[in-house]
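Q: The structure is given below, and queries will be raised subsequently.
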Amino acid sequence: MTNRVTNIAGYQFKTITDVHGVHNQIQTLCAQTHLKGTIFIGPEGINLGLAGSGADIEYVLQRLDSTCGFGRLQVNTTYSDMTPFKRLLVKVREELVPAKSLPAISTADFPDPAQPAYITSERLRQWFDSGQGMTLLDLRNSFEYELGSFDHATHLGLRHFRELGNASNRLAKLPKDRPVVTFCTGGIRCERGAPYIARQGFEQVYKLKGGVLDYLGKFKDRCWHGDCFVFDDRVTLDCRLEPTFKRLCRSCQTALNENETQCCEACARSGADSRLAYGTGRYLL
């Protein structure tokens, strides 16, 4: 394990008044390492995915705390035999999660006490084992849901997470008196989405702490099927968090068949735009 590449994905909501100053600090910090990946800085905090040696990862996390005040990063760690990023990109972005249709969350005192509560992977596993009635609500994009999800999970048919604010009619069809457990890859989309869902009249709304990656790291394929999409060159991870390098259509992100190359047959017939949609760190959720 010590020779493998350490990969982290993390975020922290925190009000940043001098975004460009923090951006420059982090660029200087990362230049002292051999890390590759993507870091987004915005007025509401930081969202990052980094890969490299364990020593470099630890150094950056310590300095992000002591220098930039990011001492409450929610971090998931996985390992691989290759570096799943081609370069390092540190970029200013207006929103950590593109979701203009959703109300902003408070970053002054995050976790916001008005936020729905977290549920841990351990507690969710107990609920599975006890047959607890609940709605498992997958807040990821539709192609991610199709690649893999929890057994009996509900998806709202949203192609992009940013469409959630327009899904009130679909949410209205879900039972209001059952606990709703929202989940995504690492947790950041639930931070934005769960408060909106709670405002739709549900009695109990939870956010899976650490997301799918945390759950798979502890319980593997228990009540999970398929692969988990990640926003780097590994593309997908199996239930043991090992890369599966699934090939996806560059236009619609559906899984490709053996006889398909860059695009699926449907997109090739329609002449859909085949701009690269994953593997560059351009989008990180």
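In the structure tokens, chains take letters A, B, ... by order of appearance, with residues numbered from 1 within each chain and ligands from 1 in the order shown.
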What's the 9 Å shell around Ser121 of chain A, counting only C-alpha atoms, without same-chain residues fewer than 6 positions away, as a list in words?
A: Leu208, Lys209, Gly210, Gly211, Val212, Asp214, Tyr215, Leu216, Lys218 and Phe219 of chain A
Q: So that I can check the surroundings of Leu248 of chain A, please list as a PyMOL selection string every protein, DNA and RNA residue that reaches within 8 Å of it, counting only C-alpha atoms and ignoring chain neighbours fewer than 3 positions away.
A: chain A and resi 253-256+262-263
Q: Produce a file of the selected residues containing all heavy atoms, as a PDB file, in the first residue's frame.
A:
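Output saved as part-v5.pdb:
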```
ATOM      1  N   GLN A 253     -22.223  10.156 -21.445  1.00  0.00           N
ATOM      2  CA  GLN A 253     -21.622   9.453 -20.316  1.00  0.00           C
ATOM      3  C   GLN A 253     -22.234   8.081 -20.009  1.00  0.00           C
ATOM      4  O   GLN A 253     -21.995   7.534 -18.933  1.00  0.00           O
ATOM      5  CB  GLN A 253     -21.641  10.304 -19.032  1.00  0.00           C
ATOM      6  CG  GLN A 253     -20.645  11.434 -19.040  1.00  0.00           C
ATOM      7  CD  GLN A 253     -21.152  12.617 -19.817  1.00  0.00           C
ATOM      8  OE1 GLN A 253     -22.160  13.216 -19.480  1.00  0.00           O
ATOM      9  NE2 GLN A 253     -20.448  12.974 -20.864  1.00  0.00           N
ATOM     10  N   THR A 254     -23.001   7.516 -20.926  1.00  0.00           N
ATOM     11  CA  THR A 254     -23.435   6.134 -20.729  1.00  0.00           C
ATOM     12  C   THR A 254     -22.255   5.203 -20.988  1.00  0.00           C
ATOM     13  O   THR A 254     -21.312   5.545 -21.709  1.00  0.00           O
ATOM     14  CB  THR A 254     -24.586   5.777 -21.683  1.00  0.00           C
ATOM     15  OG1 THR A 254     -24.159   5.983 -23.037  1.00  0.00           O
ATOM     16  CG2 THR A 254     -25.809   6.621 -21.407  1.00  0.00           C
ATOM     17  N   ALA A 255     -22.312   4.013 -20.378  1.00  0.00           N
ATOM     18  CA  ALA A 255     -21.225   3.048 -20.554  1.00  0.00           C
ATOM     19  C   ALA A 255     -21.194   2.555 -21.997  1.00  0.00           C
ATOM     20  O   ALA A 255     -22.232   2.251 -22.597  1.00  0.00           O
ATOM     21  CB  ALA A 255     -21.414   1.879 -19.597  1.00  0.00           C
ATOM     22  N   LEU A 256     -19.994   2.475 -22.566  1.00  0.00           N
ATOM     23  CA  LEU A 256     -19.834   2.047 -23.943  1.00  0.00           C
ATOM     24  C   LEU A 256     -19.767   0.530 -24.046  1.00  0.00           C
ATOM     25  O   LEU A 256     -19.237  -0.152 -23.164  1.00  0.00           O
ATOM     26  CB  LEU A 256     -18.558   2.638 -24.545  1.00  0.00           C
ATOM     27  CG  LEU A 256     -18.508   4.158 -24.704  1.00  0.00           C
ATOM     28  CD1 LEU A 256     -17.140   4.584 -25.224  1.00  0.00           C
ATOM     29  CD2 LEU A 256     -19.608   4.657 -25.628  1.00  0.00           C
ATOM     30  N   GLN A 262     -15.504   6.288 -29.034  1.00  0.00           N
ATOM     31  CA  GLN A 262     -15.606   7.564 -28.322  1.00  0.00           C
ATOM     32  C   GLN A 262     -17.014   7.873 -27.869  1.00  0.00           C
ATOM     33  O   GLN A 262     -17.217   8.411 -26.781  1.00  0.00           O
ATOM     34  CB  GLN A 262     -15.102   8.701 -29.231  1.00  0.00           C
ATOM     35  CG  GLN A 262     -13.676   8.532 -29.708  1.00  0.00           C
ATOM     36  CD  GLN A 262     -12.686   8.588 -28.562  1.00  0.00           C
ATOM     37  OE1 GLN A 262     -12.823   9.409 -27.667  1.00  0.00           O
ATOM     38  NE2 GLN A 262     -11.693   7.722 -28.586  1.00  0.00           N
ATOM     39  N   CYS A 263     -17.995   7.559 -28.694  1.00  0.00           N
ATOM     40  CA  CYS A 263     -19.395   7.871 -28.389  1.00  0.00           C
ATOM     41  C   CYS A 263     -20.242   6.611 -28.515  1.00  0.00           C
ATOM     42  O   CYS A 263     -19.891   5.675 -29.234  1.00  0.00           O
ATOM     43  CB  CYS A 263     -19.941   8.926 -29.349  1.00  0.00           C
ATOM     44  SG  CYS A 263     -19.206  10.564 -29.158  1.00  0.00           S
TER      45      CYS A 263
END
```
Q: Separation of atom CA of Leu124 of chain A and atom CA of Gly187 of chain A, in Å?
A: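 Computing it gives 14.4 Å between the two atoms.
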Q: Write out as a PyMOL selection string all residues of segment 65-242 of chain A that backbone DSSP assigns to helix (DSSP H, G or I).
A: chain A and resi 65-66+121-130+142-147+161-166+168-171+188-198+211-219
Q: Export, as an mmCIF file, in the first residue's frame, the selected residues with C-alpha atoms.
A:
```cif
data_model
loop_
_atom_site.group_PDB
_atom_site.id
_atom_site.type_symbol
_atom_site.label_atom_id
_atom_site.label_comp_id
_atom_site.auth_asym_id
_atom_site.auth_seq_id
_atom_site.Cartn_x
_atom_site.Cartn_y
_atom_site.Cartn_z
ATOM 1 C CA ASP A 65 -5.340 24.081 8.029
ATOM 2 C CA SER A 66 -2.562 26.211 9.522
ATOM 3 C CA SER A 121 -22.224 4.735 7.016
ATOM 4 C CA GLU A 122 -22.362 2.563 10.133
ATOM 5 C CA ARG A 123 -25.851 3.786 11.004
ATOM 6 C CA LEU A 124 -27.055 3.326 7.441
ATOM 7 C CA ARG A 125 -25.744 -0.234 7.491
ATOM 8 C CA GLN A 126 -27.743 -0.837 10.683
ATOM 9 C CA TRP A 127 -30.833 0.505 8.960
ATOM 10 C CA PHE A 128 -30.259 -1.862 6.049
ATOM 11 C CA ASP A 129 -29.869 -4.825 8.405
ATOM 12 C CA SER A 130 -32.947 -3.942 10.475
ATOM 13 C CA SER A 142 -28.425 10.279 -14.020
ATOM 14 C CA PHE A 143 -25.467 8.579 -15.731
ATOM 15 C CA GLU A 144 -23.806 8.048 -12.332
ATOM 16 C CA TYR A 145 -26.973 6.427 -11.001
ATOM 17 C CA GLU A 146 -27.111 4.129 -14.013
ATOM 18 C CA LEU A 147 -23.504 3.017 -13.465
ATOM 19 C CA PHE A 161 -27.471 18.038 -10.172
ATOM 20 C CA ARG A 162 -28.127 21.707 -10.905
ATOM 21 C CA GLU A 163 -31.641 20.717 -12.060
ATOM 22 C CA LEU A 164 -32.642 19.689 -8.509
ATOM 23 C CA GLY A 165 -34.232 23.059 -7.769
ATOM 24 C CA ASN A 166 -36.760 22.357 -10.514
ATOM 25 C CA SER A 168 -40.380 19.848 -6.690
ATOM 26 C CA ASN A 169 -43.088 17.966 -8.617
ATOM 27 C CA ARG A 170 -41.055 14.754 -8.563
ATOM 28 C CA LEU A 171 -40.198 15.166 -4.904
ATOM 29 C CA ILE A 188 -20.765 17.856 -1.147
ATOM 30 C CA ARG A 189 -23.873 17.703 -3.321
ATOM 31 C CA CYS A 190 -25.930 16.626 -0.322
ATOM 32 C CA GLU A 191 -24.777 19.741 1.548
ATOM 33 C CA ARG A 192 -26.534 21.805 -1.111
ATOM 34 C CA GLY A 193 -29.391 19.465 -1.949
ATOM 35 C CA ALA A 194 -30.607 18.134 1.400
ATOM 36 C CA PRO A 195 -31.725 21.539 2.814
ATOM 37 C CA TYR A 196 -33.805 22.142 -0.313
ATOM 38 C CA ILE A 197 -35.401 18.713 0.009
ATOM 39 C CA ALA A 198 -36.164 19.296 3.682
ATOM 40 C CA GLY A 211 -20.974 9.762 0.723
ATOM 41 C CA VAL A 212 -20.707 6.578 -1.322
ATOM 42 C CA LEU A 213 -16.921 6.475 -1.041
ATOM 43 C CA ASP A 214 -17.037 6.306 2.746
ATOM 44 C CA TYR A 215 -19.696 3.591 2.692
ATOM 45 C CA LEU A 216 -17.897 1.402 0.138
ATOM 46 C CA GLY A 217 -14.638 1.790 2.038
ATOM 47 C CA LYS A 218 -16.311 0.238 5.090
ATOM 48 C CA PHE A 219 -18.945 -2.154 3.753
#
```
Q: Contacts of Leu35 of chain A at 12 Å or less, counting only C-alpha atoms, minus same-chain residues fewer than 3 places along, as a tab-separated table (two decimals) with N, CA and C atoms, in the first residue's frame?
A:
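New file out-v1.tsv:
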```tsv
chain	number	residue	atom	x	y	z
A	5	VAL	N	-0.42	5.25	-5.09
A	5	VAL	CA	-0.76	6.67	-5.11
A	5	VAL	C	-1.92	6.91	-4.15
A	6	THR	N	-1.79	7.94	-3.34
A	6	THR	CA	-2.86	8.34	-2.43
A	6	THR	C	-3.73	9.37	-3.12
A	7	ASN	N	-5.03	9.13	-3.13
A	7	ASN	CA	-5.99	10.05	-3.74
A	7	ASN	C	-6.94	10.57	-2.67
A	8	ILE	N	-7.11	11.87	-2.61
A	8	ILE	CA	-8.08	12.43	-1.68
A	8	ILE	C	-9.09	13.28	-2.45
A	27	GLN	N	-1.86	27.91	-4.54
A	27	GLN	CA	-0.98	27.63	-5.67
A	27	GLN	C	0.47	27.53	-5.21
A	29	LEU	N	1.53	26.83	-2.19
A	29	LEU	CA	1.66	25.64	-1.36
A	29	LEU	C	1.82	24.39	-2.21
A	30	CYS	N	0.96	24.21	-3.19
A	30	CYS	CA	1.00	22.99	-4.00
A	30	CYS	C	2.25	22.93	-4.87
A	31	ALA	N	2.81	24.08	-5.22
A	31	ALA	CA	4.03	24.11	-6.02
A	31	ALA	C	5.22	23.51	-5.26
A	32	GLN	N	5.08	23.39	-3.95
A	32	GLN	CA	6.13	22.79	-3.13
A	32	GLN	C	6.04	21.26	-3.11
A	38	THR	N	-7.12	18.74	-8.92
A	38	THR	CA	-7.93	19.94	-9.13
A	38	THR	C	-8.34	20.52	-7.79
A	39	ILE	N	-8.18	21.82	-7.65
A	39	ILE	CA	-8.66	22.54	-6.46
A	39	ILE	C	-9.49	23.72	-6.92
A	48	LEU	N	-11.78	19.95	-3.54
A	48	LEU	CA	-10.52	19.50	-4.12
A	48	LEU	C	-10.49	18.00	-4.38
A	49	GLY	N	-9.65	17.64	-5.34
A	49	GLY	CA	-9.29	16.27	-5.61
A	49	GLY	C	-7.81	16.25	-5.93
A	50	LEU	N	-7.01	15.53	-5.14
A	50	LEU	CA	-5.56	15.53	-5.29
A	50	LEU	C	-5.03	14.11	-5.25
A	51	ALA	N	-3.88	13.91	-5.92
A	51	ALA	CA	-3.25	12.59	-5.96
A	51	ALA	C	-1.74	12.75	-5.90
A	52	GLY	N	-1.10	11.85	-5.16
A	52	GLY	CA	0.35	11.88	-5.06
A	52	GLY	C	0.82	11.02	-3.90
A	53	SER	N	1.98	11.31	-3.39
A	53	SER	CA	2.52	10.54	-2.27
A	53	SER	C	1.76	10.88	-0.99
A	54	GLY	N	1.75	9.93	-0.07
A	54	GLY	CA	1.09	10.17	1.21
A	54	GLY	C	1.71	11.34	1.96
A	55	ALA	N	3.05	11.49	1.83
A	55	ALA	CA	3.73	12.59	2.51
A	55	ALA	C	3.30	13.94	1.97
A	56	ASP	N	3.19	14.05	0.64
A	56	ASP	CA	2.76	15.31	0.04
A	56	ASP	C	1.32	15.63	0.41
A	57	ILE	N	0.47	14.61	0.41
A	57	ILE	CA	-0.93	14.81	0.78
A	57	ILE	C	-1.02	15.32	2.22
A	58	GLU	N	-0.31	14.68	3.11
A	58	GLU	CA	-0.34	15.08	4.52
A	58	GLU	C	0.18	16.50	4.70
A	59	TYR	N	1.24	16.84	3.97
A	59	TYR	CA	1.81	18.19	4.07
A	59	TYR	C	0.79	19.24	3.64
A	60	VAL	N	0.14	19.01	2.53
A	60	VAL	CA	-0.82	19.99	2.02
A	60	VAL	C	-2.01	20.12	2.96
A	61	LEU	N	-2.52	19.01	3.48
A	61	LEU	CA	-3.66	19.08	4.39
A	61	LEU	C	-3.30	19.85	5.65
A	83	THR	N	-1.43	7.68	-11.15
A	83	THR	CA	-1.91	9.02	-10.80
A	83	THR	C	-3.06	9.38	-11.73
A	84	PRO	N	-4.27	9.55	-11.21
A	84	PRO	CA	-5.43	9.72	-12.08
A	84	PRO	C	-5.68	11.16	-12.54
A	85	PHE	N	-4.67	12.00	-12.50
A	85	PHE	CA	-4.74	13.36	-13.03
A	85	PHE	C	-3.50	13.61	-13.87
A	86	LYS	N	-3.64	14.42	-14.88
A	86	LYS	CA	-2.51	14.71	-15.76
A	86	LYS	C	-1.73	15.95	-15.34
A	87	ARG	N	-2.33	16.79	-14.53
A	87	ARG	CA	-1.70	18.04	-14.14
A	87	ARG	C	-2.35	18.54	-12.86
A	88	LEU	N	-1.86	19.66	-12.36
A	88	LEU	CA	-2.46	20.32	-11.21
A	88	LEU	C	-3.15	21.59	-11.68
A	89	LEU	N	-4.39	21.76	-11.28
A	89	LEU	CA	-5.17	22.94	-11.63
A	89	LEU	C	-5.75	23.53	-10.35
A	90	VAL	N	-5.41	24.78	-10.05
A	90	VAL	CA	-5.99	25.51	-8.93
A	90	VAL	C	-6.77	26.67	-9.53
```
Q: Just want the 10 Å neighbourhood of Gln204 of chain A, counted on only C-alpha atoms, with same-chain residues fewer than 3 positions away dropped. Output as a PDB file with C-alpha atoms, in the first residue's frame.
A:
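The resulting file, selection_37.pdb, is shown below:
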```pdb
ATOM      1  CA  PRO A 116     -30.426  18.255   7.909  1.00  0.00           C
ATOM      2  CA  ALA A 117     -28.485  15.862  10.132  1.00  0.00           C
ATOM      3  CA  MET A 134     -36.577   4.900   4.238  1.00  0.00           C
ATOM      4  CA  LYS A 176     -43.246  12.608   3.440  1.00  0.00           C
ATOM      5  CA  ASP A 177     -43.390  10.506   6.619  1.00  0.00           C
ATOM      6  CA  ARG A 178     -40.447   8.191   5.815  1.00  0.00           C
ATOM      7  CA  PRO A 179     -36.837   9.164   6.547  1.00  0.00           C
ATOM      8  CA  VAL A 180     -35.043  10.445   3.441  1.00  0.00           C
ATOM      9  CA  VAL A 181     -31.343   9.593   3.218  1.00  0.00           C
ATOM     10  CA  ILE A 197     -35.401  18.713   0.009  1.00  0.00           C
ATOM     11  CA  ALA A 198     -36.164  19.296   3.682  1.00  0.00           C
ATOM     12  CA  GLY A 201     -42.231  19.044   3.603  1.00  0.00           C
TER      13      GLY A 201
END
```
Q: Calculated over only C-alpha atoms, which of the candidates A:Gly42, A:Gly186, A:Gly10, A:Pro243 has the smallest distance to Glu94 of chain A?
A: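 Selected residue with least distance to Glu94 of chain A: A:Gly42.
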Q: Give the answer as one residue: which of A:Thr120, A:Thr67, A:Thr185, A:Gln12 has the shortest atom-to-atom distance to Thr28 of chain A, using only C-alpha atoms?
A: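 For Thr28 of chain A, the nearest of the candidates is A:Thr67.
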